[in-house]
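**Q** So I've got this file, data_20.cif, and it contains mmCIF, C-alpha atoms:
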```cif
data_run
#
loop_
_atom_site.label_atom_id
_atom_site.label_comp_id
_atom_site.auth_asym_id
_atom_site.auth_seq_id
_atom_site.Cartn_x
_atom_site.Cartn_y
_atom_site.Cartn_z
CA MET A 59 -77.53 -9.54 15.70
CA ASP A 60 -78.79 -10.81 19.00
CA LEU A 61 -76.52 -10.77 22.00
CA THR A 62 -75.97 -14.31 23.23
CA LEU A 63 -74.52 -15.79 26.38
CA LEU A 64 -71.29 -16.76 24.62
CA MET A 65 -70.58 -13.18 23.57
CA TYR A 66 -70.32 -12.12 27.19
CA LEU A 67 -68.28 -15.13 28.27
CA VAL A 68 -65.49 -14.48 25.76
CA PRO A 69 -64.29 -11.08 27.13
CA SER A 70 -64.45 -12.49 30.63
CA LEU A 71 -62.35 -15.48 29.52
CA VAL A 72 -59.73 -13.16 28.00
CA MET A 73 -59.72 -11.14 31.21
CA PHE A 74 -59.09 -14.27 33.25
CA GLY A 75 -56.22 -15.29 30.94
CA CYS A 76 -54.64 -11.86 31.36
CA GLY A 77 -54.95 -12.26 35.13
CA VAL A 78 -53.16 -15.61 35.06
CA PHE A 79 -50.40 -14.23 32.85
CA GLY A 80 -49.89 -11.19 35.09
CA PHE A 81 -49.95 -13.23 38.27
CA ILE A 82 -47.17 -15.51 37.01
CA THR A 83 -44.94 -12.97 35.29
CA ARG A 84 -45.10 -9.90 37.53
CA LYS A 85 -42.51 -9.55 40.27
CA ASN A 86 -44.07 -6.63 42.05
CA MET A 87 -46.51 -7.56 44.81
CA ILE A 88 -48.97 -4.78 43.99
CA ALA A 89 -48.97 -5.74 40.32
CA MET A 90 -49.70 -9.33 41.33
CA LEU A 91 -52.62 -8.10 43.42
CA ILE A 92 -53.93 -6.14 40.43
CA SER A 93 -53.82 -9.32 38.31
CA LEU A 94 -55.71 -11.12 41.08
CA GLU A 95 -58.42 -8.45 40.91
CA LEU A 96 -58.72 -9.07 37.18
CA MET A 97 -59.34 -12.77 37.78
CA LEU A 98 -61.92 -12.12 40.52
CA ASN A 99 -63.70 -9.63 38.32
CA SER A 100 -63.97 -12.01 35.39
CA VAL A 101 -65.57 -14.62 37.62
CA ASP A 102 -68.05 -12.02 38.86
CA ILE A 103 -69.05 -11.27 35.26
CA ASN A 104 -69.65 -14.98 34.68
CA PHE A 105 -71.95 -15.27 37.70
CA VAL A 106 -74.07 -12.30 36.62
CA VAL A 107 -74.25 -13.35 32.97
CA PHE A 108 -75.28 -16.92 33.78
CA ASN A 109 -77.91 -15.61 36.18
CA ARG A 110 -79.35 -13.19 33.64
CA PHE A 111 -79.36 -15.45 30.61
CA LEU A 112 -80.18 -18.89 32.00
CA TYR A 113 -82.22 -18.23 35.16
CA PRO A 114 -83.61 -14.68 35.01
CA GLU A 115 -86.41 -15.52 37.47
CA GLY A 116 -83.92 -16.06 40.32
CA SER A 117 -81.22 -13.70 41.52
CA GLU A 118 -78.66 -16.01 43.13
CA GLY A 119 -75.84 -14.99 40.80
CA MET A 120 -76.40 -11.34 41.54
CA PHE A 121 -76.26 -11.89 45.30
CA PHE A 122 -73.17 -14.07 44.96
CA THR A 123 -71.45 -11.29 43.01
CA LEU A 124 -72.52 -8.74 45.60
CA PHE A 125 -70.90 -10.77 48.38
CA ALA A 126 -67.86 -11.56 46.23
CA ILE A 127 -67.27 -7.84 45.68
CA ALA A 128 -67.40 -7.24 49.44
CA ILE A 129 -64.94 -10.07 50.09
CA ALA A 130 -62.62 -8.83 47.35
CA ALA A 131 -62.57 -5.37 48.93
CA ALA A 132 -61.73 -6.79 52.35
CA GLU A 133 -59.03 -9.03 50.91
CA THR A 134 -57.42 -6.14 49.04
CA ALA A 135 -57.38 -3.98 52.16
CA VAL A 136 -55.60 -6.65 54.21
CA ALA A 137 -53.17 -7.45 51.39
CA ILE A 138 -52.21 -3.80 50.97
CA ALA A 139 -51.68 -3.47 54.72
CA LEU A 140 -49.33 -6.47 54.52
CA ILE A 141 -47.50 -5.00 51.52
CA ILE A 142 -46.98 -1.65 53.24
CA ASN A 143 -45.68 -3.46 56.32
CA VAL A 144 -43.25 -5.47 54.18
CA TYR A 145 -42.11 -2.26 52.48
CA ARG A 146 -41.44 -0.71 55.86
CA ALA A 147 -39.27 -3.66 56.85
CA VAL A 148 -37.20 -4.24 53.70
CA LYS A 149 -37.82 -1.08 51.58
CA ASN A 150 -38.88 -3.20 48.63
CA VAL A 151 -41.96 -4.98 47.33
CA ASP A 152 -40.38 -7.23 44.71
CA ILE A 153 -41.01 -10.87 45.47
CA ASN A 154 -37.53 -12.03 44.50
CA GLN A 155 -36.02 -9.75 47.13
CA LEU A 156 -38.22 -11.14 49.88
CA THR A 157 -36.54 -14.40 50.78
CA LYS A 158 -36.72 -14.26 54.55
CA LEU A 159 -39.94 -14.66 56.47
CA LYS A 160 -38.50 -13.41 59.78
CA PHE A 161 -36.49 -10.23 60.09
CA MET B 141 -83.30 0.85 17.32
CA GLU B 142 -82.82 -0.20 20.91
CA ALA B 143 -81.22 -3.45 19.77
CA LEU B 144 -78.74 -1.57 17.58
CA GLY B 145 -77.70 0.69 20.46
CA ASN B 146 -77.36 -2.36 22.68
CA ASN B 147 -75.07 -4.03 20.13
CA ILE B 148 -72.86 -0.95 19.74
CA LEU B 149 -72.58 -0.67 23.52
CA TYR B 150 -71.69 -4.34 23.75
CA ILE B 151 -68.95 -4.04 21.10
CA VAL B 152 -67.41 -1.00 22.79
CA VAL B 153 -67.49 -2.65 26.22
CA ALA B 154 -66.12 -6.00 25.03
CA LEU B 155 -63.28 -4.39 23.07
CA SER B 156 -62.35 -2.11 25.97
CA ILE B 157 -62.38 -5.04 28.41
CA ILE B 158 -60.07 -7.08 26.17
CA ILE B 159 -57.68 -4.24 25.28
CA PHE B 160 -57.41 -2.75 28.76
CA SER B 161 -56.97 -6.08 30.51
CA VAL B 162 -54.11 -6.94 28.17
CA LEU B 163 -52.59 -3.50 28.81
CA THR B 164 -53.00 -3.93 32.57
CA VAL B 165 -50.66 -6.90 32.68
CA THR B 166 -48.19 -5.78 29.99
CA THR B 167 -47.53 -2.13 30.77
CA LYS B 168 -44.20 -1.22 32.33
CA LYS B 169 -45.33 1.51 34.71
CA ILE B 170 -47.36 0.27 37.65
CA LEU B 171 -49.46 3.40 38.07
CA ARG B 172 -50.65 3.00 34.48
CA SER B 173 -51.48 -0.59 35.29
CA ALA B 174 -53.79 0.59 38.09
CA THR B 175 -55.42 3.10 35.75
CA TYR B 176 -56.11 0.47 33.11
CA LEU B 177 -57.54 -1.75 35.85
CA MET B 178 -59.97 1.05 36.64
CA PHE B 179 -61.11 1.14 33.01
CA VAL B 180 -61.68 -2.62 33.04
CA LEU B 181 -63.75 -2.34 36.22
CA LEU B 182 -65.85 0.49 34.78
CA ALA B 183 -66.52 -1.55 31.63
CA THR B 184 -67.65 -4.39 33.88
CA ALA B 185 -70.03 -2.01 35.62
CA ILE B 186 -71.48 -1.10 32.21
CA ILE B 187 -72.08 -4.81 31.57
CA TYR B 188 -73.99 -5.03 34.86
CA PHE B 189 -76.10 -2.01 33.89
CA GLN B 190 -76.77 -3.60 30.52
CA MET B 191 -77.98 -6.76 32.27
CA ASP B 192 -80.51 -4.61 34.22
CA TYR B 193 -78.82 -5.15 37.58
CA GLU B 194 -78.59 -1.45 38.44
CA PHE B 195 -77.71 -1.92 42.09
CA LEU B 196 -74.87 -4.28 41.23
CA GLY B 197 -73.46 -1.78 38.73
CA ALA B 198 -73.61 0.97 41.33
CA VAL B 199 -71.86 -1.26 43.88
CA GLN B 200 -69.20 -2.16 41.31
CA ILE B 201 -68.48 1.51 40.62
CA ALA B 202 -68.55 2.57 44.28
CA VAL B 203 -66.54 -0.31 45.75
CA TYR B 204 -64.19 -1.29 42.94
CA ALA B 205 -63.62 1.82 40.85
CA GLY B 206 -64.06 4.16 43.79
CA GLY B 207 -62.53 2.23 46.68
CA ILE B 208 -60.12 -0.45 45.59
CA VAL B 209 -58.44 1.54 42.80
CA VAL B 210 -57.86 4.47 45.15
CA LEU B 211 -56.38 2.03 47.67
CA PHE B 212 -54.07 0.70 44.94
CA VAL B 213 -52.99 4.19 43.92
CA PHE B 214 -52.19 5.12 47.51
CA ALA B 215 -50.22 1.90 48.03
CA ILE B 216 -48.28 2.48 44.81
CA MET B 217 -47.50 6.06 45.83
CA LEU B 218 -46.29 4.87 49.24
CA THR B 219 -44.05 2.10 47.96
CA HIS B 220 -42.69 3.26 44.59
CA LYS B 221 -40.58 6.04 43.24
CA PRO B 222 -42.69 7.84 40.61
CA GLY B 223 -41.85 7.18 36.97
CA LYS B 224 -39.71 4.13 37.57
CA ASP B 225 -40.17 1.31 35.08
CA ALA B 226 -40.66 -2.28 36.17
CA GLU B 227 -37.77 -4.64 35.57
CA PRO B 228 -37.94 -6.37 32.19
CA LEU B 229 -39.24 -9.91 32.29
CA THR B 230 -36.90 -12.82 32.07
CA LEU B 231 -37.57 -14.93 29.01
CA HIS B 232 -38.05 -18.08 31.07
CA LYS B 233 -40.75 -16.56 33.24
CA LYS B 234 -42.47 -14.94 30.29
CA TRP B 235 -42.77 -18.32 28.56
CA ILE B 236 -44.14 -19.99 31.66
CA GLY B 237 -46.74 -17.27 32.07
CA LEU B 238 -47.70 -17.17 28.41
CA SER B 239 -48.05 -20.93 28.13
CA ALA B 240 -50.13 -21.18 31.31
CA ALA B 241 -52.45 -18.36 30.23
CA VAL B 242 -52.81 -19.47 26.60
CA LEU B 243 -53.32 -23.13 27.57
CA GLY B 244 -55.99 -22.22 30.09
CA VAL B 245 -57.79 -19.89 27.70
CA VAL B 246 -57.69 -22.38 24.81
CA LEU B 247 -58.96 -25.19 27.03
CA CYS B 248 -61.83 -23.08 28.37
CA ALA B 249 -62.67 -21.74 24.90
CA PHE B 250 -62.77 -25.28 23.52
CA ALA B 251 -65.08 -26.34 26.33
CA LEU B 252 -67.32 -23.30 25.77
CA PHE B 253 -67.60 -23.63 22.02
CA SER B 254 -68.10 -27.40 22.09
CA TYR B 255 -70.85 -27.18 24.69
CA ALA B 256 -73.02 -25.12 22.42
CA LYS B 257 -76.31 -25.99 24.08
CA PHE B 258 -76.57 -22.89 26.20
CA CYS B 259 -74.15 -20.64 24.36
CA GLY B 260 -76.73 -19.41 21.88
CA VAL B 261 -79.21 -18.44 24.58
CA THR B 262 -80.46 -14.88 24.18
CA ALA B 263 -81.68 -12.70 27.01
CA ARG B 264 -85.30 -13.20 27.99
CA SER B 265 -87.28 -10.23 29.21
CA PHE B 266 -87.44 -10.10 32.98
CA ASP B 267 -88.81 -7.72 35.58
CA SER B 268 -85.71 -6.19 37.07
CA ILE B 269 -85.39 -6.46 40.82
CA ASP B 270 -86.03 -3.15 42.58
CA MET B 271 -84.36 -1.78 45.67
CA ALA B 272 -87.15 -2.53 48.14
CA GLN B 273 -87.32 -6.14 46.99
CA LEU B 274 -83.53 -6.44 47.18
CA GLY B 275 -83.45 -5.06 50.71
CA HIS B 276 -86.14 -7.49 51.84
CA MET B 277 -84.23 -10.39 50.31
CA LEU B 278 -80.99 -9.38 52.01
CA LEU B 279 -82.59 -9.28 55.45
CA SER B 280 -85.05 -12.18 55.34
CA THR B 281 -84.57 -15.72 56.58
CA ASP B 282 -87.02 -17.60 54.37
CA LYS B 283 -86.31 -19.43 51.14
CA PHE B 284 -84.81 -16.61 49.07
CA GLY B 285 -83.34 -14.72 52.02
CA TYR B 286 -79.69 -13.92 52.50
CA LEU B 287 -79.52 -12.88 56.14
CA LEU B 288 -76.82 -15.40 57.13
CA PRO B 289 -74.27 -14.44 54.42
CA PHE B 290 -75.08 -10.78 55.06
CA GLU B 291 -74.22 -11.12 58.76
CA ALA B 292 -71.17 -13.26 57.98
CA ILE B 293 -69.90 -10.56 55.61
CA SER B 294 -70.35 -7.90 58.28
CA VAL B 295 -68.31 -9.92 60.78
CA LEU B 296 -65.68 -10.54 58.11
CA LEU B 297 -65.44 -6.82 57.31
CA LEU B 298 -65.03 -6.01 61.00
CA ALA B 299 -62.27 -8.61 61.28
CA CYS B 300 -60.58 -7.14 58.19
CA ILE B 301 -60.71 -3.60 59.57
CA ILE B 302 -59.11 -4.74 62.84
CA GLY B 303 -56.59 -6.90 60.98
CA GLY B 304 -55.62 -4.09 58.63
CA VAL B 305 -55.09 -1.66 61.48
CA VAL B 306 -53.08 -4.17 63.53
CA ILE B 307 -50.88 -5.18 60.60
CA ALA B 308 -50.18 -1.72 59.21
CA ARG B 309 -49.67 0.28 62.41
CA LYS B 310 -46.24 1.44 63.50
CA ARG B 311 -44.60 -0.61 66.22
#
```
Please lay out the structure from this file as structure tokens.

**A**
Amino acid sequence: MDLTLLMYLVPSLVMFGCGVFGFITRKNMIAMLISLELMLNSVDINFVVFNRFLYPEGSEGMFFTLFAIAIAAAETAVAIALIINVYRAVKNVDINQLTKLKF
Amino acid sequence: MEALGNNILYIVVALSIIIFSVLTVTTKKILRSATYLMFVLLATAIIYFQMDYEFLGAVQIAVYAGGIVVLFVFAIMLTHKPGKDAEPLTLHKKWIGLSAAVLGVVLCAFALFSYAKFCGVTARSFDSIDMAQLGHMLLSTDKFGYLLPFEAISVLLLACIIGGVVIARKR
């Protein structure tokens, strides 16, 4: 059995679907952020796999993933700072409790 | 022999990605959710190693599994009482989520399987990119250079550090 491009795209597709499901159903802000990480990660896998299988002489997909990982880390840091600030203000991180933007 | 080992590794990694990503979004306890996320990220790093992008795999482990998951665990510890379950889902919301996810996955899977031209492509041999080459590419300005995104990312990271400190500090 040879490993083909499709065999790597299927797990990444399932991962993206799980991310969408979690992002819609979860009420907790941190759990939503975790689902978002799942989606970002599945897209990263796609970039690398396309780069390796279709255009192995270039390395654009690898560099794109490298920068995407850096941006994901920065985004998570800011989002967690926001969540901790929200928790300090209302003692809760459930999105259905957060109905006011100003306190 | 090498091909057989490669296939076994692929099966283990693919199954663990699928199982742990489903568990990440369905488990009741949020700390477990973060742990399963770590397993998914480690399996992704193994995929990168299998594709011969060693540096990318190392970055994935160091930044994602080492940095972001720890950040998640700290945030969960700061904002949750330990051992508390999440509220059960309302049926309405569960159906919306399930239908959105399943519809998206089915649509993408249909597109993938019907566009079979590239799906059967197998990996060609390639000379993997070494660290010196990668460093030169990151800091060069000619055709395959990435100096501009590199500098943009550094400014972005600086902005994020300042933003994080300003947002999270005590007033």

**Q** Could you tell me which residues the PyMOL selection byres ((chain B) within 6 of (chain A)) grabs in this file, written as a ChimeraX atom specification?

**A** /B:154,158,161-162,165,233-234,237-238,241,245,259-263,300,304,308

**Q** What is the distance, in Å and to one decimal place, between CA of Phe189 (chain B) and CA of Ile201 (chain B)?

**A**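 Computing the Euclidean distance for CA of Phe189 (chain B) and CA of Ile201 (chain B) yields 10.8 Å.
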
**Q** Record the distance separating CA of Ile159 (chain B) and CA of Ala251 (chain B), expressed in Å with one decimal.

**A**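 Distance reported for this atom pair: 23.3 Å.
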
**Q** Contacts of Ala205 (chain B) at 10 Å or less, counting only C-alpha atoms, minus same-chain residues fewer than 4 places along, as a VMD selection string?

**A** chain B and resid 175 177 to 182 185 199 to 201 209 to 211

**Q** In the coordinates of the file, take the point (-77.3, 0.4, 22.7) and a cut-off of 12 Å; then, counting only C-alpha atoms, name each qualifying protein, DNA or RNA residue as a PyMOL selection string.

**A** (chain A and resi 60-61) or (chain B and resi 141-153+186-187+189-191)

**Q** So what do you get for CA of Asp225 (chain B) versus CA of Thr166 (chain B), distance-wise?

**A**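 That distance, rounded to one decimal, is 11.9 Å.
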
**Q** For the point (-82.2, -14.6, 49.2) in file coordinates, what residues are within 12 Å, counting only C-alpha atoms? Give the answer as a PyMOL selection string?

**A** (chain A and resi 116-122+124-125) or (chain B and resi 273-290)

**Q** Keeping only C-alpha atoms, write those residues as a short mmCIF file (atom, residue, chain, number, x, y, z; two decimals), in the frame of the given file.

**A**
```
data_model
loop_
_atom_site.label_atom_id
_atom_site.label_comp_id
_atom_site.auth_asym_id
_atom_site.auth_seq_id
_atom_site.Cartn_x
_atom_site.Cartn_y
_atom_site.Cartn_z
CA GLY A 116 -83.92 -16.06 40.32
CA SER A 117 -81.22 -13.70 41.52
CA GLU A 118 -78.66 -16.01 43.13
CA GLY A 119 -75.84 -14.99 40.80
CA MET A 120 -76.40 -11.34 41.54
CA PHE A 121 -76.26 -11.89 45.30
CA PHE A 122 -73.17 -14.07 44.96
CA LEU A 124 -72.52 -8.74 45.60
CA PHE A 125 -70.90 -10.77 48.38
CA GLN B 273 -87.32 -6.14 46.99
CA LEU B 274 -83.53 -6.44 47.18
CA GLY B 275 -83.45 -5.06 50.71
CA HIS B 276 -86.14 -7.49 51.84
CA MET B 277 -84.23 -10.39 50.31
CA LEU B 278 -80.99 -9.38 52.01
CA LEU B 279 -82.59 -9.28 55.45
CA SER B 280 -85.05 -12.18 55.34
CA THR B 281 -84.57 -15.72 56.58
CA ASP B 282 -87.02 -17.60 54.37
CA LYS B 283 -86.31 -19.43 51.14
CA PHE B 284 -84.81 -16.61 49.07
CA GLY B 285 -83.34 -14.72 52.02
CA TYR B 286 -79.69 -13.92 52.50
CA LEU B 287 -79.52 -12.88 56.14
CA LEU B 288 -76.82 -15.40 57.13
CA PRO B 289 -74.27 -14.44 54.42
CA PHE B 290 -75.08 -10.78 55.06
#
```
